[in-house]
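Notes for the one structure printed next.
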Amino acid sequence: MPPALPPPSRRLDRTLIVLALGLCAVSLVLIASATAADPGSHHLPLRQGLWILLGLGAMLLAAGLDHHGLVALGYWAYAVVAGLLLLVLLTGKRSSHGATSWLDLRLFYLQPAE
């Protein structure tokens with residue numbers, strides 16, 4: 001049985017979080033200043049802020065998970081991606097500059113190579 005993990009607040013690297021938040025603040029300032037002259041793009045800093053909040057929530061969620069359990073899923077994920085790449089070889093539909101790398105899943109297109 002693996003040892004008990006410390007609470008998520010003890011596993012977070014505070015320096016990394018402060019630096020990431022600083023970069024997020026700089027990005028918001030730059031987007032706001034770049035779009036200030038265009039009245040139709042006032043929503044862009046707000047949208048960027050919402051994506052930042054979503055990313056922070058995902059980061060906190062990931063920090064609270066025990067990553068040791070994901071090791072077993074690695075083999076399955078590798079098999080799924082390898083299967084998707086083979087499927088592109090057989091049935092790839094969309095082509096760009098001579099390279100067929102997209103799958104048409106009816107609802108959306110998927111590019112497993114990326």
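If you're wondering about the labels, chains in the structure tokens are A, B, ... by order shown, residues count from 1 in each chain, ligands from 1 in order shown.
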
Check your understanding: Near segment 76-91 of chain A, counting only C-alpha atoms, which residues have an atom at most 12 Å away, once you skip same-chain residues fewer than 6 positions from it, shown as a ChimeraX atom specification?
Key -> /A:70,99-105,109-114

Extract, using only C-alpha atoms, all DNA, RNA and protein residues at most 12 Å from Ile17 of chain A, discarding same-chain residues fewer than 4 positions from it, and format them as a PDB file with all heavy atoms, in the first residue's frame.
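Written file, out-v1.pdb:
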ATOM      1  N   SER A   9      -2.655  21.268  -0.483  1.00  0.00           N
ATOM      2  CA  SER A   9      -2.020  22.554  -0.191  1.00  0.00           C
ATOM      3  C   SER A   9      -0.540  22.391   0.152  1.00  0.00           C
ATOM      4  O   SER A   9       0.249  23.306  -0.043  1.00  0.00           O
ATOM      5  CB  SER A   9      -2.743  23.258   0.954  1.00  0.00           C
ATOM      6  OG  SER A   9      -2.670  22.465   2.130  1.00  0.00           O
ATOM      7  N   ARG A  11       1.375  20.030  -1.261  1.00  0.00           N
ATOM      8  CA  ARG A  11       2.071  19.521  -2.441  1.00  0.00           C
ATOM      9  C   ARG A  11       2.299  20.595  -3.495  1.00  0.00           C
ATOM     10  O   ARG A  11       3.011  20.377  -4.455  1.00  0.00           O
ATOM     11  CB  ARG A  11       1.270  18.387  -3.074  1.00  0.00           C
ATOM     12  CG  ARG A  11       1.311  17.120  -2.269  1.00  0.00           C
ATOM     13  CD  ARG A  11       0.631  16.040  -3.022  1.00  0.00           C
ATOM     14  NE  ARG A  11      -0.763  16.403  -3.259  1.00  0.00           N
ATOM     15  CZ  ARG A  11      -1.761  15.569  -3.209  1.00  0.00           C
ATOM     16  NH1 ARG A  11      -1.559  14.310  -2.971  1.00  0.00           N
ATOM     17  NH2 ARG A  11      -2.992  15.961  -3.416  1.00  0.00           N
ATOM     18  N   LEU A  12       1.672  21.744  -3.358  1.00  0.00           N
ATOM     19  CA  LEU A  12       1.781  22.794  -4.364  1.00  0.00           C
ATOM     20  C   LEU A  12       3.084  23.571  -4.187  1.00  0.00           C
ATOM     21  O   LEU A  12       3.468  23.918  -3.075  1.00  0.00           O
ATOM     22  CB  LEU A  12       0.594  23.748  -4.263  1.00  0.00           C
ATOM     23  CG  LEU A  12      -0.769  23.153  -4.578  1.00  0.00           C
ATOM     24  CD1 LEU A  12      -1.851  24.178  -4.340  1.00  0.00           C
ATOM     25  CD2 LEU A  12      -0.817  22.658  -5.994  1.00  0.00           C
ATOM     26  N   ASP A  13       3.741  23.842  -5.288  1.00  0.00           N
ATOM     27  CA  ASP A  13       4.952  24.643  -5.279  1.00  0.00           C
ATOM     28  C   ASP A  13       4.537  26.108  -5.345  1.00  0.00           C
ATOM     29  O   ASP A  13       4.103  26.602  -6.379  1.00  0.00           O
ATOM     30  CB  ASP A  13       5.819  24.257  -6.472  1.00  0.00           C
ATOM     31  CG  ASP A  13       7.153  24.971  -6.484  1.00  0.00           C
ATOM     32  OD1 ASP A  13       7.384  25.819  -5.605  1.00  0.00           O
ATOM     33  OD2 ASP A  13       7.962  24.673  -7.391  1.00  0.00           O
ATOM     34  N   LEU A  21       0.848  32.850 -11.950  1.00  0.00           N
ATOM     35  CA  LEU A  21      -0.147  33.917 -11.784  1.00  0.00           C
ATOM     36  C   LEU A  21       0.390  35.250 -12.291  1.00  0.00           C
ATOM     37  O   LEU A  21      -0.356  36.053 -12.861  1.00  0.00           O
ATOM     38  CB  LEU A  21      -0.580  34.026 -10.327  1.00  0.00           C
ATOM     39  CG  LEU A  21      -1.458  32.893  -9.818  1.00  0.00           C
ATOM     40  CD1 LEU A  21      -1.724  33.052  -8.324  1.00  0.00           C
ATOM     41  CD2 LEU A  21      -2.758  32.818 -10.590  1.00  0.00           C
ATOM     42  N   GLY A  22       1.679  35.489 -12.107  1.00  0.00           N
ATOM     43  CA  GLY A  22       2.293  36.705 -12.636  1.00  0.00           C
ATOM     44  C   GLY A  22       2.236  36.739 -14.156  1.00  0.00           C
ATOM     45  O   GLY A  22       1.917  37.775 -14.758  1.00  0.00           O
ATOM     46  N   LEU A  23       2.527  35.604 -14.792  1.00  0.00           N
ATOM     47  CA  LEU A  23       2.427  35.534 -16.247  1.00  0.00           C
ATOM     48  C   LEU A  23       0.986  35.716 -16.714  1.00  0.00           C
ATOM     49  O   LEU A  23       0.728  36.350 -17.746  1.00  0.00           O
ATOM     50  CB  LEU A  23       2.984  34.212 -16.754  1.00  0.00           C
ATOM     51  CG  LEU A  23       4.500  34.069 -16.718  1.00  0.00           C
ATOM     52  CD1 LEU A  23       4.908  32.652 -17.078  1.00  0.00           C
ATOM     53  CD2 LEU A  23       5.150  35.070 -17.645  1.00  0.00           C
ATOM     54  N   CYS A  24       0.045  35.177 -15.964  1.00  0.00           N
ATOM     55  CA  CYS A  24      -1.375  35.353 -16.307  1.00  0.00           C
ATOM     56  C   CYS A  24      -1.762  36.826 -16.215  1.00  0.00           C
ATOM     57  O   CYS A  24      -2.478  37.344 -17.080  1.00  0.00           O
ATOM     58  CB  CYS A  24      -2.246  34.516 -15.383  1.00  0.00           C
ATOM     59  SG  CYS A  24      -2.108  32.744 -15.660  1.00  0.00           S
ATOM     60  N   GLY A  55      -8.222  27.092 -15.926  1.00  0.00           N
ATOM     61  CA  GLY A  55      -6.921  26.427 -15.802  1.00  0.00           C
ATOM     62  C   GLY A  55      -6.476  26.288 -14.360  1.00  0.00           C
ATOM     63  O   GLY A  55      -5.922  25.256 -13.969  1.00  0.00           O
ATOM     64  N   LEU A  56      -6.718  27.307 -13.554  1.00  0.00           N
ATOM     65  CA  LEU A  56      -6.369  27.221 -12.129  1.00  0.00           C
ATOM     66  C   LEU A  56      -7.195  26.143 -11.426  1.00  0.00           C
ATOM     67  O   LEU A  56      -6.681  25.399 -10.587  1.00  0.00           O
ATOM     68  CB  LEU A  56      -6.576  28.571 -11.443  1.00  0.00           C
ATOM     69  CG  LEU A  56      -5.569  29.658 -11.793  1.00  0.00           C
ATOM     70  CD1 LEU A  56      -6.003  30.984 -11.185  1.00  0.00           C
ATOM     71  CD2 LEU A  56      -4.186  29.275 -11.312  1.00  0.00           C
ATOM     72  N   MET A  59      -5.769  22.850 -12.382  1.00  0.00           N
ATOM     73  CA  MET A  59      -4.505  22.634 -11.691  1.00  0.00           C
ATOM     74  C   MET A  59      -4.751  22.166 -10.253  1.00  0.00           C
ATOM     75  O   MET A  59      -4.105  21.227  -9.773  1.00  0.00           O
ATOM     76  CB  MET A  59      -3.673  23.913 -11.673  1.00  0.00           C
ATOM     77  CG  MET A  59      -2.344  23.769 -10.950  1.00  0.00           C
ATOM     78  SD  MET A  59      -1.549  25.331 -10.604  1.00  0.00           S
ATOM     79  CE  MET A  59      -2.651  26.036  -9.400  1.00  0.00           C
ATOM     80  N   LEU A  60      -5.686  22.803  -9.568  1.00  0.00           N
ATOM     81  CA  LEU A  60      -5.986  22.399  -8.197  1.00  0.00           C
ATOM     82  C   LEU A  60      -6.590  20.999  -8.152  1.00  0.00           C
ATOM     83  O   LEU A  60      -6.288  20.219  -7.241  1.00  0.00           O
ATOM     84  CB  LEU A  60      -6.916  23.412  -7.534  1.00  0.00           C
ATOM     85  CG  LEU A  60      -6.294  24.780  -7.264  1.00  0.00           C
ATOM     86  CD1 LEU A  60      -7.345  25.751  -6.738  1.00  0.00           C
ATOM     87  CD2 LEU A  60      -5.134  24.665  -6.295  1.00  0.00           C
ATOM     88  N   ALA A  63      -3.763  18.588  -8.687  1.00  0.00           N
ATOM     89  CA  ALA A  63      -2.892  18.517  -7.514  1.00  0.00           C
ATOM     90  C   ALA A  63      -3.503  17.648  -6.418  1.00  0.00           C
ATOM     91  O   ALA A  63      -2.781  17.058  -5.614  1.00  0.00           O
ATOM     92  CB  ALA A  63      -2.617  19.920  -6.967  1.00  0.00           C
TER      93      ALA A  63
END

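Proximity to Leu46 of chain A was assessed for A:Thr15, A:Leu107, A:Ala58, A:Ala32 counting only C-alpha atoms; the smallest distance is recorded for A:Ala32.
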
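A straight line drawn from atom CA of Ile52 of chain A to atom CA of Ala20 of chain A is 10.1 Å long.
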
Practice item. Select, from A:Val26, A:Ile31, A:Gly69, A:Gly92, the residue with the minimum atom-to-atom distance to Pro45 of chain A, counting only C-alpha atoms. Key: A:Ile31

Practice item. Excluding His43 of chain A and any residue of its chain fewer than 5 positions from it, enumerate the residues within 12 Å of it, using only C-alpha atoms, and give them as a PyMOL selection string. Key: chain A and resi 28+31-32+35-36+38+48-50

Selected residues written out with N, CA and C atoms, as an mmCIF file, in the first residue's frame:
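The resulting file, again04.cif, is shown below:
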data_model
loop_
_atom_site.group_PDB
_atom_site.id
_atom_site.type_symbol
_atom_site.label_atom_id
_atom_site.label_comp_id
_atom_site.auth_asym_id
_atom_site.auth_seq_id
_atom_site.Cartn_x
_atom_site.Cartn_y
_atom_site.Cartn_z
ATOM 1 N N LEU A 28 -3.079 39.260 -19.274
ATOM 2 C CA LEU A 28 -4.325 40.037 -19.240
ATOM 3 C C LEU A 28 -4.074 41.506 -19.552
ATOM 4 N N ILE A 31 -3.267 41.813 -23.349
ATOM 5 C CA ILE A 31 -4.461 41.648 -24.184
ATOM 6 C C ILE A 31 -5.365 42.869 -24.057
ATOM 7 N N ALA A 32 -5.508 43.389 -22.841
ATOM 8 C CA ALA A 32 -6.354 44.573 -22.637
ATOM 9 C C ALA A 32 -5.768 45.785 -23.365
ATOM 10 N N THR A 35 -6.142 45.438 -27.271
ATOM 11 C CA THR A 35 -7.508 45.509 -27.802
ATOM 12 C C THR A 35 -8.254 46.763 -27.339
ATOM 13 N N ALA A 36 -7.567 47.677 -26.672
ATOM 14 C CA ALA A 36 -8.236 48.861 -26.130
ATOM 15 C C ALA A 36 -8.796 49.755 -27.229
ATOM 16 N N ASP A 38 -9.968 48.903 -30.173
ATOM 17 C CA ASP A 38 -11.036 48.266 -30.946
ATOM 18 C C ASP A 38 -12.248 48.044 -30.047
ATOM 19 N N GLN A 48 -10.086 35.693 -21.665
ATOM 20 C CA GLN A 48 -8.793 35.182 -21.211
ATOM 21 C C GLN A 48 -8.815 34.946 -19.699
ATOM 22 N N GLY A 49 -9.438 35.847 -18.960
ATOM 23 C CA GLY A 49 -9.549 35.679 -17.510
ATOM 24 C C GLY A 49 -10.343 34.444 -17.137
ATOM 25 N N LEU A 50 -11.402 34.165 -17.890
ATOM 26 C CA LEU A 50 -12.190 32.960 -17.623
ATOM 27 C C LEU A 50 -11.370 31.698 -17.901
#

Exercise for review: List every residue of chain A that DSSP, applied to the backbone, labels as helix (DSSP H, G or I), and write the result as a PyMOL selection string.
Suggested key: chain A and resi 8-11+14-34+39-41+44-64+67-91

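In this model, the gap between atom CA of Ser41 of chain A and atom CA of Ala25 of chain A comes to 18.4 Å.
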